[in-house]
$ cat run.tsv   # TSV, C-alpha atoms
chain	number	residue	atom	x	y	z
G	1	MET	CA	-39.38	-51.38	17.25
G	2	ASP	CA	-36.54	-49.78	15.34
G	3	LEU	CA	-36.34	-50.36	11.62
G	4	GLU	CA	-33.11	-52.36	11.59
G	5	ASN	CA	-34.49	-54.79	14.16
G	6	GLN	CA	-37.64	-55.23	12.06
G	7	ASN	CA	-35.47	-56.10	9.04
G	8	ARG	CA	-33.49	-58.64	11.06
G	9	VAL	CA	-36.60	-60.27	12.55
G	10	LYS	CA	-38.15	-60.59	9.12
G	11	ALA	CA	-35.01	-62.10	7.57
G	12	LEU	CA	-34.44	-64.53	10.48
G	13	THR	CA	-38.06	-65.68	10.32
G	14	GLU	CA	-37.68	-66.44	6.62
G	15	GLU	CA	-34.44	-68.29	7.35
G	16	HIS	CA	-35.52	-70.41	10.34
G	17	GLY	CA	-39.31	-70.67	9.99
G	18	ALA	CA	-41.79	-68.74	12.16
G	19	GLU	CA	-42.79	-71.83	14.17
G	20	ASN	CA	-39.20	-72.27	15.40
G	21	ILE	CA	-38.73	-68.73	16.71
G	22	VAL	CA	-39.35	-67.18	20.12
G	23	VAL	CA	-38.87	-63.43	20.57
G	24	VAL	CA	-37.94	-62.21	24.05
G	25	PHE	CA	-38.30	-58.54	24.99
G	26	GLY	CA	-36.76	-56.47	27.76
G	27	ALA	CA	-38.80	-53.29	27.35
G	28	ALA	CA	-39.15	-51.08	30.44
G	29	GLU	CA	-42.89	-50.46	30.13
G	30	ALA	CA	-45.95	-52.56	29.36
G	31	GLU	CA	-46.99	-50.25	26.54
G	32	SER	CA	-43.67	-50.38	24.68
G	33	ALA	CA	-43.44	-54.16	25.27
G	34	GLY	CA	-46.93	-54.55	23.82
G	35	LEU	CA	-46.14	-52.44	20.76
G	36	ALA	CA	-42.94	-54.38	20.08
G	37	ALA	CA	-44.76	-57.70	20.55
G	38	GLU	CA	-47.52	-56.55	18.22
G	39	THR	CA	-44.93	-55.62	15.59
G	40	VAL	CA	-43.59	-59.20	15.33
G	41	THR	CA	-47.04	-60.83	15.49
G	42	ALA	CA	-49.66	-58.66	13.78
G	43	GLY	CA	-47.32	-56.27	11.92
G	44	ASP	CA	-45.81	-52.85	12.60
G	45	PRO	CA	-48.65	-50.69	14.02
G	46	THR	CA	-46.81	-47.51	13.00
G	47	PHE	CA	-46.48	-48.71	9.37
G	48	ALA	CA	-42.91	-47.38	9.31
G	49	GLY	CA	-40.86	-50.56	9.00
G	50	SER	CA	-40.53	-53.69	6.92
G	51	LEU	CA	-43.05	-55.53	9.12
G	52	ALA	CA	-45.90	-53.14	8.25
G	53	GLY	CA	-48.80	-55.34	7.18
G	54	VAL	CA	-46.75	-58.52	7.77
G	55	GLU	CA	-48.42	-60.93	10.21
G	56	LEU	CA	-45.52	-63.09	11.37
G	57	GLY	CA	-47.48	-64.42	14.37
G	58	LEU	CA	-44.25	-65.21	16.26
G	59	THR	CA	-44.26	-66.48	19.84
G	60	VAL	CA	-43.45	-63.57	22.19
G	61	TYR	CA	-42.46	-63.27	25.83
G	62	HIS	CA	-41.13	-60.53	28.08
G	63	VAL	CA	-38.14	-61.40	30.21
G	64	VAL	CA	-40.00	-60.68	33.48
G	65	GLU	CA	-42.93	-63.00	32.70
G	66	PRO	CA	-43.16	-66.06	34.98
G	67	GLU	CA	-43.18	-68.39	31.95
G	68	PHE	CA	-39.77	-67.13	30.81
G	69	LYS	CA	-38.36	-67.06	34.34
G	70	ALA	CA	-39.38	-70.71	34.85
G	71	ALA	CA	-37.69	-71.74	31.59
G	72	VAL	CA	-34.15	-70.60	32.48
G	73	ASP	CA	-31.61	-71.22	35.27
G	74	ALA	CA	-32.83	-69.56	38.47
G	75	ASP	CA	-29.40	-68.36	39.67
G	76	VAL	CA	-28.45	-66.79	36.34
G	77	TYR	CA	-31.89	-65.17	36.11
G	78	GLU	CA	-31.52	-63.66	39.57
G	79	GLU	CA	-28.08	-62.33	38.72
G	80	GLN	CA	-28.99	-60.87	35.32
G	81	VAL	CA	-32.64	-59.81	35.70
G	82	GLY	CA	-33.41	-59.92	39.44
G	83	MET	CA	-33.04	-56.22	40.09
G	84	MET	CA	-35.08	-55.08	37.08
G	85	GLU	CA	-37.74	-57.65	37.96
G	86	MET	CA	-38.28	-55.74	41.20
G	87	VAL	CA	-38.43	-52.36	39.46
G	88	LEU	CA	-40.64	-53.16	36.46
G	89	GLU	CA	-44.43	-53.54	36.56
G	90	VAL	CA	-44.42	-57.31	36.12
G	91	GLU	CA	-48.19	-57.84	36.34
G	92	GLU	CA	-48.99	-55.07	33.89
G	93	ILE	CA	-46.34	-56.31	31.43
G	94	SER	CA	-47.55	-59.93	31.73
G	95	GLU	CA	-51.13	-58.88	31.07
G	96	GLU	CA	-50.14	-56.91	27.98
G	97	MET	CA	-48.01	-59.76	26.61
G	98	THR	CA	-50.73	-62.36	27.31
G	99	ASN	CA	-53.22	-60.25	25.38
G	100	VAL	CA	-50.90	-60.05	22.37
G	101	ARG	CA	-50.19	-63.81	22.52
G	102	ASN	CA	-53.86	-64.72	22.73
G	103	GLU	CA	-54.80	-62.44	19.91
G	104	PHE	CA	-51.94	-62.72	17.41
G	105	CYS	CA	-49.58	-65.65	18.07
G	106	LYS	CA	-49.95	-68.49	15.60
G	107	TYR	CA	-47.56	-71.07	17.09
G	108	LEU	CA	-48.38	-71.49	20.80
J	1	MET	CA	-42.26	-78.38	28.00
J	2	ASN	CA	-39.72	-75.58	28.27
J	3	LEU	CA	-40.89	-72.72	26.05
J	4	LEU	CA	-37.32	-72.21	24.78
J	5	GLU	CA	-36.62	-75.86	23.99
J	6	ASN	CA	-35.19	-76.34	20.47
J	7	LYS	CA	-36.08	-72.73	19.61
J	8	LYS	CA	-34.22	-70.02	17.73
J	9	VAL	CA	-34.37	-67.02	20.02
J	10	ILE	CA	-34.49	-63.38	18.97
J	11	ILE	CA	-33.74	-60.96	21.80
J	12	ILE	CA	-34.87	-57.34	21.74
J	13	GLY	CA	-33.56	-55.83	24.97
J	14	ASP	CA	-34.02	-52.29	26.19
J	15	ARG	CA	-31.40	-49.99	27.64
J	16	ASP	CA	-33.96	-48.63	30.16
J	17	GLY	CA	-35.38	-52.06	30.93
J	18	VAL	CA	-33.46	-55.31	30.61
J	19	PRO	CA	-30.54	-55.15	28.11
J	20	GLY	CA	-30.13	-57.79	25.41
J	21	GLN	CA	-26.92	-59.11	26.95
J	22	ALA	CA	-28.66	-59.97	30.26
J	23	ILE	CA	-31.49	-61.79	28.47
J	24	GLU	CA	-28.91	-63.63	26.36
J	25	GLU	CA	-27.14	-64.96	29.46
J	26	CYS	CA	-30.47	-66.39	30.69
J	27	VAL	CA	-31.35	-68.00	27.34
J	28	LYS	CA	-27.89	-69.60	27.15
J	29	THR	CA	-28.78	-71.72	30.22
J	30	VAL	CA	-31.19	-73.70	28.01
J	31	SER	CA	-28.84	-75.94	26.04
J	32	SER	CA	-31.17	-76.67	23.13
J	33	ALA	CA	-32.07	-72.98	22.58
J	34	THR	CA	-30.01	-70.93	20.11
J	35	VAL	CA	-29.72	-67.15	20.24
J	36	VAL	CA	-29.89	-66.05	16.59
J	37	TYR	CA	-30.05	-62.30	17.24
J	38	SER	CA	-29.63	-60.05	20.24
J	39	ALA	CA	-30.05	-56.27	20.31
J	40	THR	CA	-30.58	-53.56	22.88
J	41	GLU	CA	-32.94	-50.78	21.84
J	42	CYS	CA	-32.68	-47.24	23.07
J	43	PHE	CA	-35.72	-44.97	23.06
J	44	VAL	CA	-33.95	-41.71	23.90

$ encode --input "run.tsv" --output "structure tokens"
Amino acid sequence: MDLENQNRVKALTEEHGAENIVVVFGAAEAESAGLAAETVTAGDPTFAGSLAGVELGLTVYHVVEPEFKAAVDADVYEEQVGMMEMVLEVEEISEEMTNVRNEFCKYL
Amino acid sequence: MNLLENKKVIIIGDRDGVPGQAIEECVKTVSSATVVYSATECFV
């Protein structure tokens, strides 16, 4: 995750409280989604940004996961995400995100 | 319970996946959820 986004996530978590935040990702691949999710839960795995060594434990979802899809309006979802949902590896992404949630999320 | 209910939502979209703006439109359909940050990353 780029350094500016790490700074913003850290500041917003301090402002609103980690238990009140959900982070939603739109990454194209399971691996990059997993790395980004890990960054805001267990800390920056590359140790480059402000979240290095910071275990925020935030709740994380990818936009193509069934849990997120079920939470929002179906027509708007179809219009905004429908095409990418067909292109992306939904199962692989869901598996990666579930692993990160089970291991590092503190507020499920 | 809706996973977005009464939550502050941070959106990290991806230019090659789903952009932040598209995710934001979806989140806005949950009236009690608030988008506090939305970005679109680019890995090029």

$ closest_atom_pairs --input "run.tsv" --of "chain J" --to "stretch 61-83 of chain G" --cutoff "7 Å" --atoms "only C-alpha atoms" --output "CSV"
residue,atom,partner,partner_atom,distance
J:Asn2,CA,G:Ala71,CA,5.5
J:Leu3,CA,G:Ala71,CA,6.5
J:Leu4,CA,G:Ala71,CA,6.8
J:Val18,CA,G:Val81,CA,6.8
J:Ala22,CA,G:Gln80,CA,5.1
J:Ile23,CA,G:Val63,CA,6.9
J:Cys26,CA,G:Tyr77,CA,5.7
J:Val27,CA,G:Val72,CA,6.4
J:Thr29,CA,G:Asp73,CA,5.8
J:Val30,CA,G:Val72,CA,6.2

$ atom_distance --input "run.tsv" --atom1 "atom CA of G:Ala30" --atom2 "atom CA of J:Tyr37"
22.2 Å

$ closest_atom_pairs --input "run.tsv" --of "chain J" --to "stretch 18-28 of chain G" --cutoff "8 Å" --atoms "all atoms listed in the file" --output "tab-separated table"
residue	atom	partner	partner_atom	distance
J:Leu4	CA	G:Val22	CA	7.2
J:Asn6	CA	G:Asn20	CA	7.6
J:Lys7	CA	G:Asn20	CA	5.3
J:Lys8	CA	G:Ile21	CA	4.8
J:Val9	CA	G:Val22	CA	5.0
J:Ile10	CA	G:Val23	CA	4.7
J:Ile11	CA	G:Val24	CA	4.9
J:Ile12	CA	G:Phe25	CA	4.9
J:Gly13	CA	G:Gly26	CA	4.3
J:Asp14	CA	G:Ala27	CA	5.0
J:Asp16	CA	G:Ala28	CA	5.7
J:Gly17	CA	G:Ala28	CA	3.9
J:Val18	CA	G:Gly26	CA	4.5
J:Pro19	CA	G:Gly26	CA	6.4
J:Gly20	CA	G:Gly26	CA	7.2
J:Ile23	CA	G:Gly26	CA	7.5

$ closest_residue --input "run.tsv" --among "G:Leu108, G:Leu56, G:Val9, G:Met97" --to "G:Ser32" --atoms "all atoms listed in the file"
G:Met97

$ closest_residue --input "run.tsv" --among "G:Glu31, G:Glu91, G:Glu85, G:Glu38" --to "chain J" --atoms "all atoms listed in the file"
G:Glu85

$ atom_distance --input "run.tsv" --atom1 "atom CA of G:Ala52" --atom2 "atom CA of G:Phe104"
14.6 Å
